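J.: Take a look at the following structure, please.
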Amino acid sequence: MSNKFYLTTTLPYVNALPHIGHTSEFIKADVITRYKRSVLGKENVWFNVGTDEHGLKNYQKARDLGKEPREYVDELAAGWKEFCELYRINYDTFYRTSASYHVKPAQEFWKRSVAKGDVYKKEYKGWYCVGCEEFKTEKEIIESDEKGENGKCAIHKKDLVWTEEENYFFRLSKYRDELLKWIEENPDVLKPAKAKTELVNWLSEMEDISISRSKENLGWGIDVPGDDTQVMYVWFDALTNYVNVLGFGQEFPPKEAFKNEEDWRLKTQNSKLEDWWPGVQIFGVDNLRFQCAIWQGILLTADLPQTKKLLRNGFILASDGTKMSKTVGNTVSPFDQEEKYGAEAVRFYLVAGIPTYSDSPYKEDDLVNIYNSHLANNFGNLLNRVIHLANTKEVKLNDEDLVENDFKEKILGYESRLKGLYEEYDLQEAANLVNELATFGNEYITENEPWAKDKTNEEIELTLNNLSYLLKTVIELYAPIIPDSCERAAKMLEKREKGVLFEKKEVGK
RNA sequence: CGCGGGAUAGAGCAGUGGUAGCUCGUCAGGCUCAUAACCUGAAGGUCGUUGGUUCGAAUCCAACUCCCGCAACCA
């Protein structure tokens, strides 16, 4: 059995800069893969992110800005990479669907689907909305004249375009029963479990989907094999990235998607697609249909196994509990938050302060409170107490042989529970349990009073050694969430250097 | 009767039949090694409403009320 672990985020559509929802998804993905690396080793973990760059919306946005699509998506992709740097998103591959390496494998999916008899041609005539990238039925059109013409899309309130074209369709309905059976037999695949009803509804109603567009209307996409008048519909090409990056439909995984050649070698030598896939996917609430229904059908047409685990991230809501919206103006900018509080505080809040799989409001007050109480007051302060006392009393620290058995067992108990939570991707619970462990450290030091005058040096040394052992565990298990601080904490403990690990934060500063 | 999620302490959430919990916040006491931190304790909830099943309901059933999402930017 493969001990390799693959996780991918959903490729965001690059028509804007990242918002706080992307931030949450990317951070959770990063936390999971950092944890996995600590257990399985760097070479056995593959973390994919990237950008979805085709489609009419990008094409038109570029044109509006007077740019070539290529130029436009290059700029945006660069912005997303900077965003990853800013938030310490330690991805292995950054996959771009407009890159040349994407063409061949995406077309390979198409060919396989054709070979299976899952692709057919159908004529389409109707009013097309660019915003939805969909043809609209009468019901979905508003403000049309007496002839039923020149209406607008009920959703986008934009003029519709009369379009007559022949498109290719994917026989998704063929896989309805198979997918329903799959989700019934593997209820653990989808997290949280409460999302299952919604998915079953989607699957039950699943119909064939259009998977191509006329090149006349849209030149920005991947050519349909054997028909140079059509390009693939953006969703069909984009979804395939999850396995294309691993080497599907080509000789090797694309080197260009890696940070450097060395990483490429490390991840790709001595391993095949089958070692990595099926993997884990994380996605937002609104992507359930695409990731859990359409993509799963595409996998079936290509004879690939279903995704191993589907993690449906909760939505980050505005502080009043409503959905964030640029129009309403209640969005939270990750760039702004980073500037105010720093990447690690935001990371910590999004993981420890917000339920991992439910919708929850984003409140700066809560961010500041949880950062101050869990990190500064509890963990950081304990670290400082221990180092300070050890230095003052001139006793040993970090000597594992001196740790009491009972104490060690207690810590190992925490550690094993914590690993269980990480393995189940229960990130908020994991973060809170590390906090509990740090709290236990503070209780323990209070009880044993290594500062009291009547304590012998042996007693003090024992207490502080137990605590340095506890701190080592705290550092290790917080590391996936707040990597930089933990690296610093480990050094401080090792070198017995006092210092303020976490500066207190204030709202708005 | 479109579909789905939700309503539990000031806030954010756990809790799917057996004495209401967690984190943050608030208040009081203790300690003083430490980042005015830490430790202990307390206050605060008729678990949306009404009815039902049950020895027993936050939990199961029915009806109702309210909020949110399924529509744009968008995970």
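As shown in the structure tokens, the chain order sets the letters A, B, ...; within each chain, residues go from 1, and ligands are also counted from 1 in the order they appear.
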Please provide as a PyMOL selection string all residues within 12 Å of C61 in chain B, with the sequence filter that same-chain residues fewer than 5 positions apart are discarded (counting only C-alpha atoms (C1' of nucleotides)).

T.: chain B and resi 51-54

J.: Restricting the output to N, CA and C atoms (P, O5', C5', C4', C3', O3' and C1' of nucleotides), write the selected residues as a short mmCIF file (atom, residue, chain, number, x, y, z; two decimals), in the first residue's frame.

T.:
data_model
loop_
_atom_site.label_atom_id
_atom_site.label_comp_id
_atom_site.auth_asym_id
_atom_site.auth_seq_id
_atom_site.Cartn_x
_atom_site.Cartn_y
_atom_site.Cartn_z
P G B 51 -47.95 23.34 25.10
"O5'" G B 51 -48.17 22.05 24.18
"C5'" G B 51 -49.49 21.62 23.88
"C4'" G B 51 -49.45 20.58 22.80
"C3'" G B 51 -48.93 19.19 23.18
"O3'" G B 51 -49.87 18.44 23.91
"C1'" G B 51 -48.04 19.81 21.10
P G B 52 -49.31 17.27 24.88
"O5'" G B 52 -48.77 16.18 23.86
"C5'" G B 52 -49.69 15.47 23.01
"C4'" G B 52 -48.93 14.57 22.07
"C3'" G B 52 -48.14 13.45 22.72
"O3'" G B 52 -48.95 12.36 23.06
"C1'" G B 52 -46.82 14.49 21.06
P U B 53 -48.52 11.38 24.24
"O5'" U B 53 -47.28 10.61 23.60
"C5'" U B 53 -47.48 9.68 22.54
"C4'" U B 53 -46.17 9.03 22.19
"C3'" U B 53 -45.42 8.42 23.38
"O3'" U B 53 -45.93 7.14 23.71
"C1'" U B 53 -43.92 9.68 22.05
P U B 54 -46.23 6.78 25.24
"O5'" U B 54 -44.78 6.75 25.89
"C5'" U B 54 -43.82 5.79 25.45
"C4'" U B 54 -42.50 6.09 26.10
"C3'" U B 54 -42.53 6.28 27.61
"O3'" U B 54 -42.53 5.04 28.29
"C1'" U B 54 -41.24 8.00 26.62
#

J.: Which residues of chain B come within 12 Å of chain A, and for each one, what is the closest pair of atoms and their distance in Å to one decimal, counting only C-alpha atoms (C1' of nucleotides), sorted by chain and residue number, as a tab-separated table?

T.:
residue	atom	partner	partner_atom	distance
B:C3	C1'	A:Glu198	CA	8.1
B:G4	C1'	A:Glu198	CA	6.0
B:G5	C1'	A:Lys194	CA	8.6
B:G6	C1'	A:Asp359	CA	9.9
B:A11	C1'	A:Asp366	CA	8.6
B:G12	C1'	A:Ile354	CA	7.8
B:C13	C1'	A:Pro355	CA	7.3
B:A14	C1'	A:Glu429	CA	10.0
B:C22	C1'	A:Asn432	CA	9.3
B:U23	C1'	A:Asn432	CA	8.0
B:C24	C1'	A:Asn369	CA	6.5
B:G25	C1'	A:Asn369	CA	8.8
B:G30	C1'	A:Thr446	CA	11.2
B:C31	C1'	A:Thr446	CA	8.3
B:U32	C1'	A:Trp451	CA	9.4
B:C33	C1'	A:Trp451	CA	5.3
B:A34	C1'	A:Arg385	CA	4.5
B:U35	C1'	A:Asn381	CA	5.9
B:A36	C1'	A:Asn377	CA	11.2
B:A37	C1'	A:Asn377	CA	6.1
B:C38	C1'	A:Asn442	CA	6.6
B:C39	C1'	A:Thr446	CA	6.3
B:U40	C1'	A:Glu443	CA	10.3
B:C67	C1'	A:Gly321	CA	9.4
B:C68	C1'	A:Thr322	CA	7.0
B:G69	C1'	A:Lys323	CA	8.5
B:C70	C1'	A:Asp286	CA	8.4
B:A71	C1'	A:Ile155	CA	5.1
B:A72	C1'	A:His156	CA	5.8
B:C73	C1'	A:Lys326	CA	5.9
B:C74	C1'	A:Asp286	CA	8.3
B:A75	C1'	A:Gly284	CA	4.0

J.: Quick one: everything within 10 Å of Val346 in chain A, counting only C-alpha atoms (C1' of nucleotides), minus sequence neighbours fewer than 2 positions away in the same chain. Send it as JSON, numbers by chain.

T.: {"A": [20, 23, 24, 27, 87, 334, 337, 338, 340, 341, 342, 343, 344, 348, 349, 350, 351, 352, 353, 364, 367, 368, 371, 482]}

J.: Could those residues be written to a file, using N, CA, C and O atoms, as an mmCIF file, in the first residue's frame?

T.:
data_model
loop_
_atom_site.group_PDB
_atom_site.id
_atom_site.type_symbol
_atom_site.label_atom_id
_atom_site.label_comp_id
_atom_site.auth_asym_id
_atom_site.auth_seq_id
_atom_site.Cartn_x
_atom_site.Cartn_y
_atom_site.Cartn_z
ATOM 1 N N ILE A 20 -11.009 36.194 1.890
ATOM 2 C CA ILE A 20 -10.745 35.491 3.140
ATOM 3 C C ILE A 20 -11.181 34.017 3.086
ATOM 4 O O ILE A 20 -10.631 33.165 3.782
ATOM 5 N N THR A 23 -8.463 32.111 1.648
ATOM 6 C CA THR A 23 -7.430 32.081 2.676
ATOM 7 C C THR A 23 -7.679 30.933 3.638
ATOM 8 O O THR A 23 -6.772 30.171 3.961
ATOM 9 N N SER A 24 -8.911 30.818 4.069
ATOM 10 C CA SER A 24 -9.281 29.754 4.988
ATOM 11 C C SER A 24 -9.035 28.377 4.367
ATOM 12 O O SER A 24 -8.457 27.487 4.996
ATOM 13 N N ILE A 27 -5.233 27.741 3.933
ATOM 14 C CA ILE A 27 -4.559 27.533 5.207
ATOM 15 C C ILE A 27 -4.862 26.147 5.765
ATOM 16 O O ILE A 27 -3.963 25.437 6.228
ATOM 17 N N TYR A 87 0.985 34.037 3.272
ATOM 18 C CA TYR A 87 0.345 33.212 4.292
ATOM 19 C C TYR A 87 1.060 31.890 4.540
ATOM 20 O O TYR A 87 0.495 30.978 5.135
ATOM 21 N N PRO A 334 -7.862 39.504 3.097
ATOM 22 C CA PRO A 334 -6.742 38.792 3.721
ATOM 23 C C PRO A 334 -5.462 39.632 3.740
ATOM 24 O O PRO A 334 -4.639 39.470 4.635
ATOM 25 N N GLN A 337 -5.905 42.016 6.651
ATOM 26 C CA GLN A 337 -5.777 41.292 7.915
ATOM 27 C C GLN A 337 -4.324 40.939 8.208
ATOM 28 O O GLN A 337 -3.878 41.014 9.353
ATOM 29 N N GLU A 338 -3.617 40.562 7.169
ATOM 30 C CA GLU A 338 -2.212 40.213 7.351
ATOM 31 C C GLU A 338 -1.435 41.425 7.837
ATOM 32 O O GLU A 338 -0.585 41.334 8.722
ATOM 33 N N LYS A 340 -2.600 43.977 9.471
ATOM 34 C CA LYS A 340 -2.991 44.342 10.831
ATOM 35 C C LYS A 340 -2.446 43.372 11.876
ATOM 36 O O LYS A 340 -1.975 43.783 12.934
ATOM 37 N N TYR A 341 -2.571 42.072 11.615
ATOM 38 C CA TYR A 341 -2.296 41.090 12.667
ATOM 39 C C TYR A 341 -1.151 40.125 12.372
ATOM 40 O O TYR A 341 -0.733 39.391 13.263
ATOM 41 N N GLY A 342 -0.735 40.100 11.139
ATOM 42 C CA GLY A 342 0.313 39.143 10.775
ATOM 43 C C GLY A 342 -0.284 37.817 10.325
ATOM 44 O O GLY A 342 -1.365 37.429 10.759
ATOM 45 N N ALA A 343 0.449 37.137 9.473
ATOM 46 C CA ALA A 343 -0.062 35.908 8.858
ATOM 47 C C ALA A 343 -0.373 34.834 9.901
ATOM 48 O O ALA A 343 -1.379 34.148 9.814
ATOM 49 N N GLU A 344 0.473 34.702 10.903
ATOM 50 C CA GLU A 344 0.272 33.604 11.840
ATOM 51 C C GLU A 344 -0.954 33.804 12.724
ATOM 52 O O GLU A 344 -1.631 32.837 13.059
ATOM 53 N N PHE A 348 -3.927 31.238 12.776
ATOM 54 C CA PHE A 348 -4.360 30.629 14.022
ATOM 55 C C PHE A 348 -5.861 30.819 14.242
ATOM 56 O O PHE A 348 -6.571 29.893 14.614
ATOM 57 N N TYR A 349 -6.323 32.016 13.976
ATOM 58 C CA TYR A 349 -7.755 32.284 14.168
ATOM 59 C C TYR A 349 -8.602 31.432 13.227
ATOM 60 O O TYR A 349 -9.594 30.832 13.642
ATOM 61 N N LEU A 350 -8.212 31.368 11.971
ATOM 62 C CA LEU A 350 -9.014 30.620 11.000
ATOM 63 C C LEU A 350 -9.051 29.123 11.316
ATOM 64 O O LEU A 350 -10.011 28.441 10.990
ATOM 65 N N VAL A 351 -8.014 28.627 11.973
ATOM 66 C CA VAL A 351 -7.983 27.202 12.286
ATOM 67 C C VAL A 351 -8.555 26.935 13.683
ATOM 68 O O VAL A 351 -9.414 26.068 13.853
ATOM 69 N N ALA A 352 -8.103 27.687 14.668
ATOM 70 C CA ALA A 352 -8.478 27.393 16.054
ATOM 71 C C ALA A 352 -9.769 28.090 16.476
ATOM 72 O O ALA A 352 -10.484 27.604 17.340
ATOM 73 N N GLY A 353 -10.070 29.213 15.859
ATOM 74 C CA GLY A 353 -11.190 30.023 16.327
ATOM 75 C C GLY A 353 -12.463 29.858 15.528
ATOM 76 O O GLY A 353 -13.508 30.380 15.909
ATOM 77 N N GLU A 364 -12.846 40.236 14.216
ATOM 78 C CA GLU A 364 -11.487 40.621 14.609
ATOM 79 C C GLU A 364 -11.305 40.561 16.120
ATOM 80 O O GLU A 364 -10.224 40.235 16.608
ATOM 81 N N LEU A 367 -10.446 37.100 16.897
ATOM 82 C CA LEU A 367 -9.083 36.817 16.441
ATOM 83 C C LEU A 367 -8.081 37.273 17.490
ATOM 84 O O LEU A 367 -7.194 36.520 17.912
ATOM 85 N N VAL A 368 -8.250 38.489 17.941
ATOM 86 C CA VAL A 368 -7.337 39.065 18.926
ATOM 87 C C VAL A 368 -7.421 38.304 20.255
ATOM 88 O O VAL A 368 -6.403 37.967 20.859
ATOM 89 N N TYR A 371 -5.899 34.734 20.015
ATOM 90 C CA TYR A 371 -4.449 34.835 19.841
ATOM 91 C C TYR A 371 -3.790 35.186 21.173
ATOM 92 O O TYR A 371 -2.829 34.555 21.600
ATOM 93 N N ILE A 482 1.039 27.202 13.119
ATOM 94 C CA ILE A 482 1.849 28.419 13.224
ATOM 95 C C ILE A 482 3.327 28.055 13.082
ATOM 96 O O ILE A 482 4.087 28.111 14.058
#

J.: Rounded to one decimal in Å, what is the spacing between CA of Leu40 in chain A and CA of Glu261 in chain A?

T.: 21.3 Å

J.: Any idea what's packed within 12 Å of G21 in chain B, counting only C-alpha atoms (C1' of nucleotides), ignoring anything in its chain fewer than 4 positions away? Could you give it as a PyMOL selection string?

T.: chain B and resi 8-9+13-15+45+47+58

J.: Please, could you write that set of residues out with N, CA, C and O atoms (P, O5', C5', C4', C3', O3' and C1' of nucleotides) as an mmCIF file, in the first residue's frame?

T.:
data_model
loop_
_atom_site.group_PDB
_atom_site.id
_atom_site.type_symbol
_atom_site.label_atom_id
_atom_site.label_comp_id
_atom_site.auth_asym_id
_atom_site.auth_seq_id
_atom_site.Cartn_x
_atom_site.Cartn_y
_atom_site.Cartn_z
ATOM 1 P P U B 8 -29.059 29.576 19.767
ATOM 2 O "O5'" U B 8 -29.095 28.339 20.755
ATOM 3 C "C5'" U B 8 -30.107 28.250 21.734
ATOM 4 C "C4'" U B 8 -29.593 27.465 22.909
ATOM 5 C "C3'" U B 8 -28.295 27.989 23.502
ATOM 6 O "O3'" U B 8 -28.539 29.048 24.408
ATOM 7 C "C1'" U B 8 -28.110 25.673 23.182
ATOM 8 P P A B 9 -27.713 30.325 24.374
ATOM 9 O "O5'" A B 9 -27.416 30.656 25.889
ATOM 10 C "C5'" A B 9 -27.618 31.972 26.424
ATOM 11 C "C4'" A B 9 -26.731 32.163 27.616
ATOM 12 C "C3'" A B 9 -25.499 33.049 27.382
ATOM 13 O "O3'" A B 9 -25.680 34.342 27.960
ATOM 14 C "C1'" A B 9 -25.017 31.153 28.728
ATOM 15 P P C B 13 -21.147 30.254 15.077
ATOM 16 O "O5'" C B 13 -20.368 29.028 15.727
ATOM 17 C "C5'" C B 13 -20.978 27.762 15.882
ATOM 18 C "C4'" C B 13 -20.037 26.937 16.715
ATOM 19 C "C3'" C B 13 -20.529 25.557 17.085
ATOM 20 O "O3'" C B 13 -20.227 24.639 16.052
ATOM 21 C "C1'" C B 13 -19.671 26.633 19.009
ATOM 22 P P A B 14 -21.179 23.372 15.786
ATOM 23 O "O5'" A B 14 -20.545 22.258 16.722
ATOM 24 C "C5'" A B 14 -20.894 22.200 18.057
ATOM 25 C "C4'" A B 14 -20.018 21.221 18.768
ATOM 26 C "C3'" A B 14 -20.725 19.923 19.134
ATOM 27 O "O3'" A B 14 -20.530 18.913 18.170
ATOM 28 C "C1'" A B 14 -19.879 20.951 21.082
ATOM 29 P P G B 15 -21.746 17.988 17.719
ATOM 30 O "O5'" G B 15 -22.396 17.494 19.095
ATOM 31 C "C5'" G B 15 -21.763 16.466 19.858
ATOM 32 C "C4'" G B 15 -22.382 16.417 21.234
ATOM 33 C "C3'" G B 15 -23.844 15.994 21.284
ATOM 34 O "O3'" G B 15 -23.959 14.581 21.316
ATOM 35 C "C1'" G B 15 -23.527 17.919 22.626
ATOM 36 P P G B 45 -29.605 32.679 33.664
ATOM 37 O "O5'" G B 45 -29.615 31.669 32.442
ATOM 38 C "C5'" G B 45 -29.581 32.150 31.087
ATOM 39 C "C4'" G B 45 -29.771 30.989 30.181
ATOM 40 C "C3'" G B 45 -30.969 30.086 30.481
ATOM 41 O "O3'" G B 45 -32.116 30.606 29.839
ATOM 42 C "C1'" G B 45 -29.036 28.848 29.795
ATOM 43 P P C B 47 -35.084 25.132 27.756
ATOM 44 O "O5'" C B 47 -33.845 25.839 27.024
ATOM 45 C "C5'" C B 47 -33.959 26.481 25.753
ATOM 46 C "C4'" C B 47 -32.843 25.974 24.879
ATOM 47 C "C3'" C B 47 -33.309 25.086 23.738
ATOM 48 O "O3'" C B 47 -33.085 25.844 22.551
ATOM 49 C "C1'" C B 47 -31.457 24.139 24.925
ATOM 50 P P A B 58 -34.656 18.337 27.508
ATOM 51 O "O5'" A B 58 -33.830 19.198 26.442
ATOM 52 C "C5'" A B 58 -34.494 20.111 25.588
ATOM 53 C "C4'" A B 58 -33.717 20.300 24.314
ATOM 54 C "C3'" A B 58 -33.746 19.107 23.369
ATOM 55 O "O3'" A B 58 -34.809 19.198 22.484
ATOM 56 C "C1'" A B 58 -31.509 19.830 23.711
#

J.: Point out the residue among A:Leu86, A:Glu185, A:Gln269, A:Gly247 with the least atom-to-atom distance to Glu339 in chain A, counting only C-alpha atoms.

T.: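 Ranking A:Leu86, A:Glu185, A:Gln269, A:Gly247 by distance to Glu339 in chain A, first place goes to A:Leu86.
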
J.: Leaving out Lys121 in chain A and any residue of its chain fewer than 3 positions from it, which residues lie within 8 Å of it when counting only C-alpha atoms (C1' of nucleotides), given as JSON, numbers by chain?

T.: {"A": [166, 167, 168, 169]}

J.: Just N, CA and C atoms for this one: save the residues we selected as a tab-separated table (two decimals), in the first residue's frame.

T.:
chain	number	residue	atom	x	y	z
A	166	GLU	N	-23.58	24.31	-31.91
A	166	GLU	CA	-23.61	22.90	-31.63
A	166	GLU	C	-22.51	22.63	-30.60
A	167	ASN	N	-22.90	22.05	-29.50
A	167	ASN	CA	-21.90	21.77	-28.47
A	167	ASN	C	-21.83	20.29	-28.16
A	168	TYR	N	-20.72	19.93	-27.52
A	168	TYR	CA	-20.58	18.55	-27.07
A	168	TYR	C	-21.13	18.43	-25.66
A	169	PHE	N	-21.71	17.31	-25.39
A	169	PHE	CA	-22.26	17.04	-24.07
A	169	PHE	C	-21.61	15.81	-23.46

J.: Can you pull out every residue from range 420-505 of chain A that DSSP, working from the backbone, puts in alpha helix (DSSP H), and format the result as an NGL selection string?

T.: :A and (420-423 or 427-448 or 457-478 or 483-495)

J.: Neighbouring residues of Ser210 in chain A were defined as those with any atom within 12 Å, considering only C-alpha atoms (C1' of nucleotides); residues of the same chain fewer than 2 positions away were excluded. Please report them as a ChimeraX atom specification.

T.: /A:118-124,133-135,165-172,207-208,212-214,230-236,294

J.: Restricting it to N, CA and C atoms, dump the selection as a PDB file, in the first residue's frame.

T.:
ATOM      1  N   ASP A 118     -19.219   8.496 -24.075  1.00  0.00           N
ATOM      2  CA  ASP A 118     -19.835   9.421 -23.124  1.00  0.00           C
ATOM      3  C   ASP A 118     -19.948  10.853 -23.639  1.00  0.00           C
ATOM      4  N   VAL A 119     -19.535  11.062 -24.880  1.00  0.00           N
ATOM      5  CA  VAL A 119     -19.612  12.419 -25.436  1.00  0.00           C
ATOM      6  C   VAL A 119     -20.503  12.413 -26.668  1.00  0.00           C
ATOM      7  N   TYR A 120     -21.435  13.337 -26.725  1.00  0.00           N
ATOM      8  CA  TYR A 120     -22.288  13.433 -27.919  1.00  0.00           C
ATOM      9  C   TYR A 120     -22.536  14.896 -28.261  1.00  0.00           C
ATOM     10  N   LYS A 121     -22.993  15.116 -29.496  1.00  0.00           N
ATOM     11  CA  LYS A 121     -23.189  16.476 -29.984  1.00  0.00           C
ATOM     12  C   LYS A 121     -24.665  16.845 -29.932  1.00  0.00           C
ATOM     13  N   LYS A 122     -24.941  18.051 -29.547  1.00  0.00           N
ATOM     14  CA  LYS A 122     -26.329  18.483 -29.502  1.00  0.00           C
ATOM     15  C   LYS A 122     -26.393  19.957 -29.880  1.00  0.00           C
ATOM     16  N   GLU A 123     -27.431  20.286 -30.643  1.00  0.00           N
ATOM     17  CA  GLU A 123     -27.527  21.689 -31.039  1.00  0.00           C
ATOM     18  C   GLU A 123     -28.183  22.507 -29.934  1.00  0.00           C
ATOM     19  N   TYR A 124     -27.643  23.672 -29.774  1.00  0.00           N
ATOM     20  CA  TYR A 124     -28.102  24.577 -28.745  1.00  0.00           C
ATOM     21  C   TYR A 124     -28.560  25.852 -29.404  1.00  0.00           C
ATOM     22  N   GLU A 133     -22.223  31.614 -17.944  1.00  0.00           N
ATOM     23  CA  GLU A 133     -21.679  30.689 -18.933  1.00  0.00           C
ATOM     24  C   GLU A 133     -22.706  29.602 -19.197  1.00  0.00           C
ATOM     25  N   GLU A 134     -23.962  30.026 -19.357  1.00  0.00           N
ATOM     26  CA  GLU A 134     -25.044  29.063 -19.507  1.00  0.00           C
ATOM     27  C   GLU A 134     -26.133  29.624 -20.411  1.00  0.00           C
ATOM     28  N   PHE A 135     -26.851  28.701 -21.074  1.00  0.00           N
ATOM     29  CA  PHE A 135     -28.048  29.111 -21.789  1.00  0.00           C
ATOM     30  C   PHE A 135     -29.164  29.251 -20.780  1.00  0.00           C
ATOM     31  N   GLU A 165     -25.485  27.311 -31.432  1.00  0.00           N
ATOM     32  CA  GLU A 165     -24.274  26.547 -31.666  1.00  0.00           C
ATOM     33  C   GLU A 165     -24.453  25.091 -31.293  1.00  0.00           C
ATOM     34  N   GLU A 166     -23.585  24.306 -31.907  1.00  0.00           N
ATOM     35  CA  GLU A 166     -23.609  22.901 -31.629  1.00  0.00           C
ATOM     36  C   GLU A 166     -22.515  22.635 -30.601  1.00  0.00           C
ATOM     37  N   ASN A 167     -22.895  22.047 -29.499  1.00  0.00           N
ATOM     38  CA  ASN A 167     -21.900  21.772 -28.468  1.00  0.00           C
ATOM     39  C   ASN A 167     -21.830  20.290 -28.155  1.00  0.00           C
ATOM     40  N   TYR A 168     -20.718  19.933 -27.523  1.00  0.00           N
ATOM     41  CA  TYR A 168     -20.580  18.554 -27.071  1.00  0.00           C
ATOM     42  C   TYR A 168     -21.127  18.434 -25.655  1.00  0.00           C
ATOM     43  N   PHE A 169     -21.714  17.307 -25.389  1.00  0.00           N
ATOM     44  CA  PHE A 169     -22.265  17.036 -24.075  1.00  0.00           C
ATOM     45  C   PHE A 169     -21.607  15.810 -23.462  1.00  0.00           C
ATOM     46  N   PHE A 170     -21.500  15.857 -22.166  1.00  0.00           N
ATOM     47  CA  PHE A 170     -20.940  14.722 -21.427  1.00  0.00           C
ATOM     48  C   PHE A 170     -22.089  13.962 -20.764  1.00  0.00           C
ATOM     49  N   ARG A 171     -22.099  12.656 -20.983  1.00  0.00           N
ATOM     50  CA  ARG A 171     -23.183  11.818 -20.490  1.00  0.00           C
ATOM     51  C   ARG A 171     -23.036  11.563 -18.992  1.00  0.00           C
ATOM     52  N   LEU A 172     -23.141  12.629 -18.236  1.00  0.00           N
ATOM     53  CA  LEU A 172     -22.967  12.533 -16.784  1.00  0.00           C
ATOM     54  C   LEU A 172     -24.073  11.670 -16.157  1.00  0.00           C
ATOM     55  N   GLU A 207     -27.921  15.830 -14.565  1.00  0.00           N
ATOM     56  CA  GLU A 207     -28.177  15.631 -15.990  1.00  0.00           C
ATOM     57  C   GLU A 207     -26.890  15.817 -16.773  1.00  0.00           C
ATOM     58  N   ASP A 208     -26.963  15.459 -18.057  1.00  0.00           N
ATOM     59  CA  ASP A 208     -25.792  15.629 -18.910  1.00  0.00           C
ATOM     60  C   ASP A 208     -25.395  17.101 -18.958  1.00  0.00           C
ATOM     61  N   SER A 212     -18.432  21.884 -24.096  1.00  0.00           N
ATOM     62  CA  SER A 212     -17.625  22.619 -25.069  1.00  0.00           C
ATOM     63  C   SER A 212     -18.319  23.920 -25.438  1.00  0.00           C
ATOM     64  N   ARG A 213     -17.541  24.793 -26.056  1.00  0.00           N
ATOM     65  CA  ARG A 213     -18.080  26.065 -26.535  1.00  0.00           C
ATOM     66  C   ARG A 213     -17.513  26.298 -27.931  1.00  0.00           C
ATOM     67  N   SER A 214     -18.266  27.025 -28.709  1.00  0.00           N
ATOM     68  CA  SER A 214     -17.794  27.327 -30.057  1.00  0.00           C
ATOM     69  C   SER A 214     -16.577  28.232 -29.998  1.00  0.00           C
ATOM     70  N   GLN A 230     -14.278  23.943 -31.829  1.00  0.00           N
ATOM     71  CA  GLN A 230     -14.769  23.979 -30.452  1.00  0.00           C
ATOM     72  C   GLN A 230     -13.613  23.977 -29.445  1.00  0.00           C
ATOM     73  N   VAL A 231     -13.862  24.630 -28.316  1.00  0.00           N
ATOM     74  CA  VAL A 231     -12.924  24.508 -27.198  1.00  0.00           C
ATOM     75  C   VAL A 231     -13.672  23.904 -26.014  1.00  0.00           C
ATOM     76  N   MET A 232     -12.911  23.319 -25.111  1.00  0.00           N
ATOM     77  CA  MET A 232     -13.538  22.691 -23.948  1.00  0.00           C
ATOM     78  C   MET A 232     -14.128  23.751 -23.024  1.00  0.00           C
ATOM     79  N   TYR A 233     -15.244  23.405 -22.431  1.00  0.00           N
ATOM     80  CA  TYR A 233     -15.859  24.261 -21.426  1.00  0.00           C
ATOM     81  C   TYR A 233     -14.905  24.308 -20.227  1.00  0.00           C
ATOM     82  N   VAL A 234     -14.784  25.493 -19.656  1.00  0.00           N
ATOM     83  CA  VAL A 234     -13.776  25.725 -18.634  1.00  0.00           C
ATOM     84  C   VAL A 234     -13.818  24.715 -17.479  1.00  0.00           C
ATOM     85  N   TRP A 235     -15.012  24.327 -17.056  1.00  0.00           N
ATOM     86  CA  TRP A 235     -15.091  23.397 -15.929  1.00  0.00           C
ATOM     87  C   TRP A 235     -14.513  22.032 -16.264  1.00  0.00           C
ATOM     88  N   PHE A 236     -14.785  21.610 -17.498  1.00  0.00           N
ATOM     89  CA  PHE A 236     -14.295  20.281 -17.865  1.00  0.00           C
ATOM     90  C   PHE A 236     -12.772  20.261 -17.879  1.00  0.00           C
ATOM     91  N   ILE A 294     -19.860  16.340 -10.578  1.00  0.00           N
ATOM     92  CA  ILE A 294     -19.313  16.415 -11.938  1.00  0.00           C
ATOM     93  C   ILE A 294     -17.916  15.810 -12.031  1.00  0.00           C
TER      94      ILE A 294
END

J.: Measuring atom to atom with only C-alpha atoms, identify which of A:Ser319, A:Asn58, A:Gln291, A:Thr307 is nearest to Val14 in chain A.

T.: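 Among A:Ser319, A:Asn58, A:Gln291, A:Thr307, it is A:Asn58 that comes nearest to Val14 in chain A.
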
J.: Compare B:C66, B:A42, B:A57, B:A28 by their minimum atom-to-atom distance to U16 in chain B, counting only C-alpha atoms (C1' of nucleotides), and give me the closest one.

T.: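 Closest to U16 in chain B of all the choices is B:A57.
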
J.: Go ahead and compute the interatomic distance for CA of His102 in chain A and CA of Gly66 in chain A, in Å to one decimal.

T.: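 That distance, rounded to one decimal, is 25.7 Å.
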